[in-house]
Amino acid sequence: MQIGILATVVATVLGTMLAYALVRYRFRGRSALGPLILAPLAMPEVVLGSSLLTLFVAAGVPQGFWTILVAHVTFCVSFVVVVVKARLAGLDPALEEAAADLYATGWQVFRRVTLPLLLPGIVAAGLLAFSLSFDDFIVTNLNAGTTVTFPMYVWGAAQRGSRRR
């Protein structure tokens, strides 16, 4: 539960900020971010998990809670970006412009207009990220070390149960 909740919070915050930047701003490298964001969605989990394992081993990071958390945030951010980006694309920029015309600051426009309109998409993205993180076995198994998560516990219990028969 801890990994699922932490990965959800971090991925939702990072993914929302990234989606907002991709939809509302023009910057150098923006077009290159699209394939990088979609890569974890398209690649098999074994490839993602083994790539992260290779990175952690090469960097000398001990496997455990933090490597699992980084791995889960890595693949959950992509899902959050896609969901929030779709919600942002459906919003009318004229609403934000109208708030700015009424002398709202950039922060006030975001907090009072944009964020409430984005909230259903952010909540949906967070729930999706949590369910993906909580259910993930392959990436977790490759990067867990001695840490046991719920899917790994279920897998181990199923193995022990099948051997007794």
# chains A, B, ... in the order shown; residues from 1 in each chain; ligands from 1
>>> closest_atom_pairs(of="range 64-154 of chain A", to="range 54-59 of chain A", cutoff="12 Å", atoms="only C-alpha atoms", output="CSV")
residue,atom,partner,partner_atom,distance
A:Gly64,CA,A:Phe56,CA,10.6
A:Trp66,CA,A:Phe56,CA,10.4
A:Thr67,CA,A:Phe56,CA,7.4
A:Ile68,CA,A:Phe56,CA,10.5
A:Val70,CA,A:Phe56,CA,10.0
A:Ala71,CA,A:Phe56,CA,10.0
A:Leu142,CA,A:Thr54,CA,9.8
A:Asn143,CA,A:Phe56,CA,8.4
A:Ala144,CA,A:Phe56,CA,11.0
A:Gly145,CA,A:Val57,CA,11.2
>>> write_last_selection(atoms="all heavy atoms", output="compact mmCIF listing (two decimals), in the first residue's frame")
# COMPACT_ATOMS: atom_id res chain seq x y z
N GLY A 64 15.37 -2.35 -3.28
CA GLY A 64 14.45 -2.35 -2.15
C GLY A 64 13.31 -1.39 -2.39
O GLY A 64 12.88 -1.17 -3.53
N TRP A 66 12.96 1.90 -2.33
CA TRP A 66 13.15 3.09 -3.17
C TRP A 66 13.29 2.74 -4.64
O TRP A 66 12.82 3.49 -5.50
CB TRP A 66 14.35 3.90 -2.68
CG TRP A 66 14.09 4.42 -1.30
CD1 TRP A 66 14.66 4.00 -0.14
CD2 TRP A 66 13.13 5.42 -0.93
NE1 TRP A 66 14.11 4.68 0.92
CE2 TRP A 66 13.18 5.56 0.47
CE3 TRP A 66 12.24 6.21 -1.65
CZ2 TRP A 66 12.38 6.46 1.15
CZ3 TRP A 66 11.45 7.11 -0.96
CH2 TRP A 66 11.53 7.22 0.43
N THR A 67 13.90 1.62 -4.97
CA THR A 67 13.99 1.24 -6.38
C THR A 67 12.62 0.85 -6.92
O THR A 67 12.30 1.15 -8.07
CB THR A 67 14.99 0.09 -6.58
OG1 THR A 67 14.63 -1.03 -5.76
CG2 THR A 67 16.41 0.53 -6.27
N ILE A 68 11.83 0.20 -6.09
CA ILE A 68 10.45 -0.13 -6.51
C ILE A 68 9.66 1.16 -6.73
O ILE A 68 8.94 1.31 -7.72
CB ILE A 68 9.73 -1.01 -5.47
CG1 ILE A 68 10.43 -2.36 -5.32
CG2 ILE A 68 8.28 -1.22 -5.86
CD1 ILE A 68 9.89 -3.18 -4.17
N VAL A 70 10.74 4.20 -7.48
CA VAL A 70 11.19 4.88 -8.70
C VAL A 70 10.67 4.16 -9.94
O VAL A 70 10.22 4.79 -10.91
CB VAL A 70 12.74 4.99 -8.73
CG1 VAL A 70 13.24 5.44 -10.09
CG2 VAL A 70 13.22 5.94 -7.65
N ALA A 71 10.71 2.84 -9.92
CA ALA A 71 10.22 2.06 -11.05
C ALA A 71 8.72 2.28 -11.27
O ALA A 71 8.27 2.47 -12.40
CB ALA A 71 10.51 0.57 -10.83
N LEU A 142 11.51 -7.54 -10.57
CA LEU A 142 12.86 -7.31 -11.07
C LEU A 142 13.64 -6.30 -10.23
O LEU A 142 14.86 -6.33 -10.20
CB LEU A 142 12.81 -6.86 -12.53
CG LEU A 142 12.41 -7.93 -13.53
CD1 LEU A 142 12.13 -7.32 -14.89
CD2 LEU A 142 13.50 -8.99 -13.63
N ASN A 143 12.94 -5.39 -9.57
CA ASN A 143 13.62 -4.30 -8.86
C ASN A 143 13.44 -4.33 -7.34
O ASN A 143 13.79 -3.39 -6.66
CB ASN A 143 13.11 -2.95 -9.39
CG ASN A 143 13.54 -2.72 -10.80
OD1 ASN A 143 14.70 -2.46 -11.06
ND2 ASN A 143 12.61 -2.85 -11.73
N ALA A 144 12.90 -5.42 -6.80
CA ALA A 144 12.51 -5.43 -5.39
C ALA A 144 13.64 -5.77 -4.43
O ALA A 144 13.64 -5.31 -3.30
CB ALA A 144 11.37 -6.42 -5.19
N GLY A 145 14.57 -6.59 -4.83
CA GLY A 145 15.53 -7.07 -3.85
C GLY A 145 14.83 -7.99 -2.88
O GLY A 145 14.18 -8.95 -3.28
>>> select_by_dssp(residues="range 45-102 of chain A", states="helix (DSSP H, G or I)", output="VMD selection string")
chain A and resid 45 to 59 65 to 89 93 to 101
>>> atom_distance(atom1="CA of Ala125 in chain A", atom2="CA of Val80 in chain A")
4.8 Å
>>> atom_distance(atom1="CA of Gly34 in chain A", atom2="CA of Ala21 in chain A")
12.0 Å
>>> atom_distance(atom1="CA of Phe75 in chain A", atom2="CA of Ala124 in chain A")
16.1 Å
